[in-house]
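Worksheet: the structure to be examined is printed underneath.
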Amino acid sequence: MALSTSSAITLNINGEKHSLPVDHRTTLLDALRERLDLTGTKKGCDQGQCGACTVLIDGRRAVSCLQLAVASEGREITTIEGVAAEGEGLHPVQQAFLDLDGYQCGYCTPGQICSAIAVIEEHAAGWPSAATTDVRPEAGVPELSADEIRERMSGNLCRCGAYVSIVQAVAQAAAAETEGTEAVA
Ligand code: FES
Ligand code: FES
């Protein structure tokens, strides 16, 4: 008996269930863009190197070009179309990118914003990065300095070079979220 090369799956995306048949080789990125018309998630390199396709899976960032759609069943997927809470305007990270002009062509922006949302949560949870100088538990949560933001966002490339504004936007969103204040790195 020939093995089947496709399956009917149901994906939970931005709080909505989508049922579709997919070839087992279909990436989550292609399923989003080509099958479900969720084109906010961008395809850059298609090799896991640029971060343009970053989405949140169960709240953690993932490059959707390296994730198979069939392996995404049962997970909570959030794309740029779903980061803002219903009826509450833009997500604070989206607003910060807007306020501080964290984009030029905007191609990398959906992935940058998804990454930044997770970066702020990872930092608030005390996760160290390669830029963290003191990783002892008693050192507590490191300051979210420009160096920390650059390191934590380093998987997201921007060909326009809007990095300075992106770092400022992440810093502002993090400060607004944790302290209710605005700060620029
Ligand atoms: S398109 Fe996925 S990392 Fe570049
Ligand atoms: S704004 Fe153009 S690639 Fe980043």
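Just remember, in the structure tokens the first chain shown is A, the second B, etc., residues are 1-based per chain, and ligands are 1-based in the order shown.
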
Subject >> Close residues to ligand 2 using only C-alpha atoms and all ligand atoms, limit 9 Å, as a PyMOL selection string >> reply: chain A and resi 52+102-109+112+156-163

Output C-alpha atoms for every residue in that selection, as a PDB file, in the first residue's frame.
ATOM      1  CA  ALA A  52      11.264  37.579   8.385  1.00  0.00           C
ATOM      2  CA  GLY A 102      11.130  51.258  13.266  1.00  0.00           C
ATOM      3  CA  TYR A 103      10.750  50.388   9.612  1.00  0.00           C
ATOM      4  CA  GLN A 104      11.548  51.586   6.124  1.00  0.00           C
ATOM      5  CA  CYS A 105      10.241  49.122   3.526  1.00  0.00           C
ATOM      6  CA  GLY A 106       8.551  47.200   6.343  1.00  0.00           C
ATOM      7  CA  TYR A 107       9.336  43.771   4.917  1.00  0.00           C
ATOM      8  CA  CYS A 108      11.098  42.556   8.036  1.00  0.00           C
ATOM      9  CA  THR A 109       8.689  44.342  10.383  1.00  0.00           C
ATOM     10  CA  GLN A 112      10.695  41.890  14.089  1.00  0.00           C
ATOM     11  CA  ASN A 156      15.985  39.170  12.687  1.00  0.00           C
ATOM     12  CA  LEU A 157      17.776  40.860   9.829  1.00  0.00           C
ATOM     13  CA  CYS A 158      16.696  44.178   8.314  1.00  0.00           C
ATOM     14  CA  ARG A 159      17.992  44.921   4.853  1.00  0.00           C
ATOM     15  CA  CYS A 160      16.933  48.570   5.131  1.00  0.00           C
ATOM     16  CA  GLY A 161      19.091  48.976   8.220  1.00  0.00           C
ATOM     17  CA  ALA A 162      16.348  50.375  10.466  1.00  0.00           C
ATOM     18  CA  TYR A 163      18.127  48.813  13.441  1.00  0.00           C
TER      19      TYR A 163
END

Subject >> Nearby residues (only C-alpha atoms) at most 8 Å from segment 164-177 of chain A, same-chain spacing under 5 positions excluded, as number ranges by chain >> reply: A: 92-93, 96-97, 99-103, 116, 120, 144-146, 149-150, 182-185

Store the residues of this selection in a file with C-alpha atoms, as a PDB file, in the first residue's frame.
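Contents of result_15.pdb, freshly written:
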ATOM      1  CA  PRO A  92       2.295  48.119  22.364  1.00  0.00           C
ATOM      2  CA  VAL A  93       5.215  46.840  20.258  1.00  0.00           C
ATOM      3  CA  ALA A  96       6.304  51.683  19.442  1.00  0.00           C
ATOM      4  CA  PHE A  97       7.473  50.756  15.932  1.00  0.00           C
ATOM      5  CA  ASP A  99       6.000  56.025  17.081  1.00  0.00           C
ATOM      6  CA  LEU A 100       9.731  55.582  16.501  1.00  0.00           C
ATOM      7  CA  ASP A 101       9.707  54.773  12.797  1.00  0.00           C
ATOM      8  CA  GLY A 102      11.130  51.258  13.266  1.00  0.00           C
ATOM      9  CA  TYR A 103      10.750  50.388   9.612  1.00  0.00           C
ATOM     10  CA  ALA A 116      10.213  41.687  20.029  1.00  0.00           C
ATOM     11  CA  ILE A 120      10.246  41.319  26.142  1.00  0.00           C
ATOM     12  CA  LEU A 144      17.312  45.520  28.915  1.00  0.00           C
ATOM     13  CA  SER A 145      20.129  47.629  27.495  1.00  0.00           C
ATOM     14  CA  ALA A 146      20.647  48.374  23.807  1.00  0.00           C
ATOM     15  CA  ILE A 149      18.144  44.114  22.712  1.00  0.00           C
ATOM     16  CA  ARG A 150      20.574  43.838  19.796  1.00  0.00           C
ATOM     17  CA  GLU A 182       8.514  55.541  28.106  1.00  0.00           C
ATOM     18  CA  ALA A 183      12.249  55.084  27.640  1.00  0.00           C
ATOM     19  CA  VAL A 184      14.580  55.200  24.680  1.00  0.00           C
ATOM     20  CA  ALA A 185      17.835  53.212  24.628  1.00  0.00           C
TER      21      ALA A 185
END

Original post:
What are the DSSP helix (DSSP H, G or I) residues of chain A, as a ChimeraX atom specification?
Top reply: /A:28-35,64-66,69-72,80-82,92-100,109-124,137-139,146-152,163-179

Please produce a file of those selected residues containing C-alpha atoms, as a PDB file, in the first residue's frame.
ATOM      1  CA  LEU A  28       3.916  26.506   8.284  1.00  0.00           C
ATOM      2  CA  LEU A  29       5.046  29.629   6.410  1.00  0.00           C
ATOM      3  CA  ASP A  30       3.669  28.377   3.098  1.00  0.00           C
ATOM      4  CA  ALA A  31       0.466  27.174   4.743  1.00  0.00           C
ATOM      5  CA  LEU A  32      -0.055  30.625   6.264  1.00  0.00           C
ATOM      6  CA  ARG A  33       0.714  32.619   3.159  1.00  0.00           C
ATOM      7  CA  GLU A  34      -0.409  30.416   0.296  1.00  0.00           C
ATOM      8  CA  ARG A  35      -3.237  28.370   1.765  1.00  0.00           C
ATOM      9  CA  SER A  64       7.831  29.406  10.337  1.00  0.00           C
ATOM     10  CA  CYS A  65       9.923  28.477   7.270  1.00  0.00           C
ATOM     11  CA  LEU A  66      11.568  25.735   9.354  1.00  0.00           C
ATOM     12  CA  ALA A  69       2.519  22.651   9.052  1.00  0.00           C
ATOM     13  CA  VAL A  70       1.707  19.085  10.142  1.00  0.00           C
ATOM     14  CA  ALA A  71       3.903  19.569  13.218  1.00  0.00           C
ATOM     15  CA  SER A  72       1.977  22.722  14.098  1.00  0.00           C
ATOM     16  CA  ILE A  80       1.315  39.510  13.026  1.00  0.00           C
ATOM     17  CA  GLU A  81      -2.386  39.631  12.131  1.00  0.00           C
ATOM     18  CA  GLY A  82      -3.223  38.383  15.629  1.00  0.00           C
ATOM     19  CA  PRO A  92       2.295  48.119  22.364  1.00  0.00           C
ATOM     20  CA  VAL A  93       5.215  46.840  20.258  1.00  0.00           C
ATOM     21  CA  GLN A  94       3.377  47.749  17.048  1.00  0.00           C
ATOM     22  CA  GLN A  95       2.652  51.205  18.476  1.00  0.00           C
ATOM     23  CA  ALA A  96       6.304  51.683  19.442  1.00  0.00           C
ATOM     24  CA  PHE A  97       7.473  50.756  15.932  1.00  0.00           C
ATOM     25  CA  LEU A  98       5.000  53.316  14.589  1.00  0.00           C
ATOM     26  CA  ASP A  99       6.000  56.025  17.081  1.00  0.00           C
ATOM     27  CA  LEU A 100       9.731  55.582  16.501  1.00  0.00           C
ATOM     28  CA  THR A 109       8.689  44.342  10.383  1.00  0.00           C
ATOM     29  CA  PRO A 110       6.132  41.560  11.084  1.00  0.00           C
ATOM     30  CA  GLY A 111       8.932  39.185  12.109  1.00  0.00           C
ATOM     31  CA  GLN A 112      10.695  41.890  14.089  1.00  0.00           C
ATOM     32  CA  ILE A 113       7.490  42.680  15.990  1.00  0.00           C
ATOM     33  CA  CYS A 114       6.709  39.019  16.741  1.00  0.00           C
ATOM     34  CA  SER A 115      10.284  38.526  17.932  1.00  0.00           C
ATOM     35  CA  ALA A 116      10.213  41.687  20.029  1.00  0.00           C
ATOM     36  CA  ILE A 117       7.016  40.599  21.791  1.00  0.00           C
ATOM     37  CA  ALA A 118       8.681  37.340  22.811  1.00  0.00           C
ATOM     38  CA  VAL A 119      11.990  39.054  23.652  1.00  0.00           C
ATOM     39  CA  ILE A 120      10.246  41.319  26.142  1.00  0.00           C
ATOM     40  CA  GLU A 121       8.578  38.319  27.777  1.00  0.00           C
ATOM     41  CA  GLU A 122      11.802  36.274  27.801  1.00  0.00           C
ATOM     42  CA  HIS A 123      13.648  39.163  29.413  1.00  0.00           C
ATOM     43  CA  ALA A 124      10.913  39.792  31.991  1.00  0.00           C
ATOM     44  CA  PRO A 137      20.590  33.579  39.647  1.00  0.00           C
ATOM     45  CA  GLU A 138      21.134  36.156  42.405  1.00  0.00           C
ATOM     46  CA  ALA A 139      21.973  38.802  39.781  1.00  0.00           C
ATOM     47  CA  ALA A 146      20.647  48.374  23.807  1.00  0.00           C
ATOM     48  CA  ASP A 147      23.287  45.609  23.733  1.00  0.00           C
ATOM     49  CA  GLU A 148      20.822  43.135  25.244  1.00  0.00           C
ATOM     50  CA  ILE A 149      18.144  44.114  22.712  1.00  0.00           C
ATOM     51  CA  ARG A 150      20.574  43.838  19.796  1.00  0.00           C
ATOM     52  CA  GLU A 151      21.700  40.390  20.896  1.00  0.00           C
ATOM     53  CA  ARG A 152      18.193  39.121  21.592  1.00  0.00           C
ATOM     54  CA  TYR A 163      18.127  48.813  13.441  1.00  0.00           C
ATOM     55  CA  VAL A 164      18.586  51.999  15.469  1.00  0.00           C
ATOM     56  CA  SER A 165      14.854  52.720  15.487  1.00  0.00           C
ATOM     57  CA  ILE A 166      14.003  49.067  16.080  1.00  0.00           C
ATOM     58  CA  VAL A 167      16.196  48.974  19.207  1.00  0.00           C
ATOM     59  CA  GLN A 168      14.531  52.158  20.447  1.00  0.00           C
ATOM     60  CA  ALA A 169      11.075  50.766  19.736  1.00  0.00           C
ATOM     61  CA  VAL A 170      11.764  47.531  21.631  1.00  0.00           C
ATOM     62  CA  ALA A 171      13.152  49.534  24.561  1.00  0.00           C
ATOM     63  CA  GLN A 172      10.093  51.791  24.608  1.00  0.00           C
ATOM     64  CA  ALA A 173       7.637  48.901  24.445  1.00  0.00           C
ATOM     65  CA  ALA A 174       9.485  47.011  27.193  1.00  0.00           C
ATOM     66  CA  ALA A 175       9.562  50.073  29.431  1.00  0.00           C
ATOM     67  CA  ALA A 176       5.892  50.803  28.827  1.00  0.00           C
ATOM     68  CA  GLU A 177       4.969  47.216  29.600  1.00  0.00           C
ATOM     69  CA  THR A 178       6.988  46.842  32.779  1.00  0.00           C
ATOM     70  CA  GLU A 179       6.876  50.342  34.251  1.00  0.00           C
TER      71      GLU A 179
END

Original post:
Do you have the atom CA of Leu3 of chain A-atom CA of Arg75 of chain A distance handy?
Top reply: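 Those two atoms sit 25.4 Å apart.
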
Subject >> Protein and nucleic residues near ligand 1, 6 Å, only C-alpha atoms and all ligand atoms, as a list in words >> reply: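 I would give the residues around ligand 1 as Lys43, Gly44, Cys45, Asp46, Gln47, Gly48, Gln49, Cys50, Gly51, Ala52, Cys53, Val63, Ser64 and Cys65 of chain A.
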
**OP:** Could you check how far atom CA of Thr54 of chain A sits from atom CA of Leu11 of chain A, in Å to one decimal?
**Re:**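 Atom-to-atom, atom CA of Thr54 of chain A and atom CA of Leu11 of chain A are spaced 16.6 Å apart.
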
Subject >> atom CA of Ile13 of chain A to atom CA of Val83 of chain A, distance in Å rounded to a single decimal >> reply: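 That distance, rounded to one decimal, is 10.8 Å.
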
Need the shell around Gly59 of chain A: protein/DNA/RNA residues with any atom at most 9 Å away, counting only C-alpha atoms. Skip same-chain ones fewer than 3 positions apart. Format as a CSV table (one decimal) with C-alpha atoms, in the first residue's frame?
chain,number,residue,atom,x,y,z
A,55,VAL,CA,5.6,33.9,14.4
A,56,LEU,CA,4.8,32.9,17.9
A,76,GLU,CA,-1.3,28.0,19.5
A,77,ILE,CA,0.0,30.0,16.5
A,78,THR,CA,0.1,33.8,16.6
A,118,ALA,CA,8.7,37.3,22.8

**OP:** Write out as a count of residues only all residues of segment 2-154 of chain A that DSSP puts in strand (DSSP E) for this structure's backbone.
**Re:** 27

**OP:** Rank nothing, just name the residue among A:Thr39, A:Ser7, A:Asn12, A:Gln67 nearest to Thr27 of chain A, using only C-alpha atoms.
**Re:** A:Gln67

Subject >> Distance criterion (only C-alpha atoms): nearest to Ser19 of chain A out of A:Asp134, A:Glu73, A:Ser4, A:Gly40 >> reply: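 Going through A:Asp134, A:Glu73, A:Ser4, A:Gly40 one by one, the smallest distance to Ser19 of chain A is for A:Glu73.
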
Original post:
Which residue out of A:Thr5, A:Thr41, A:Pro21, A:Asp58 has the minimum interatomic distance to Thr79 of chain A when only C-alpha atoms are used?
Top reply: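 Ranking A:Thr5, A:Thr41, A:Pro21, A:Asp58 by distance to Thr79 of chain A, first place goes to A:Thr41.
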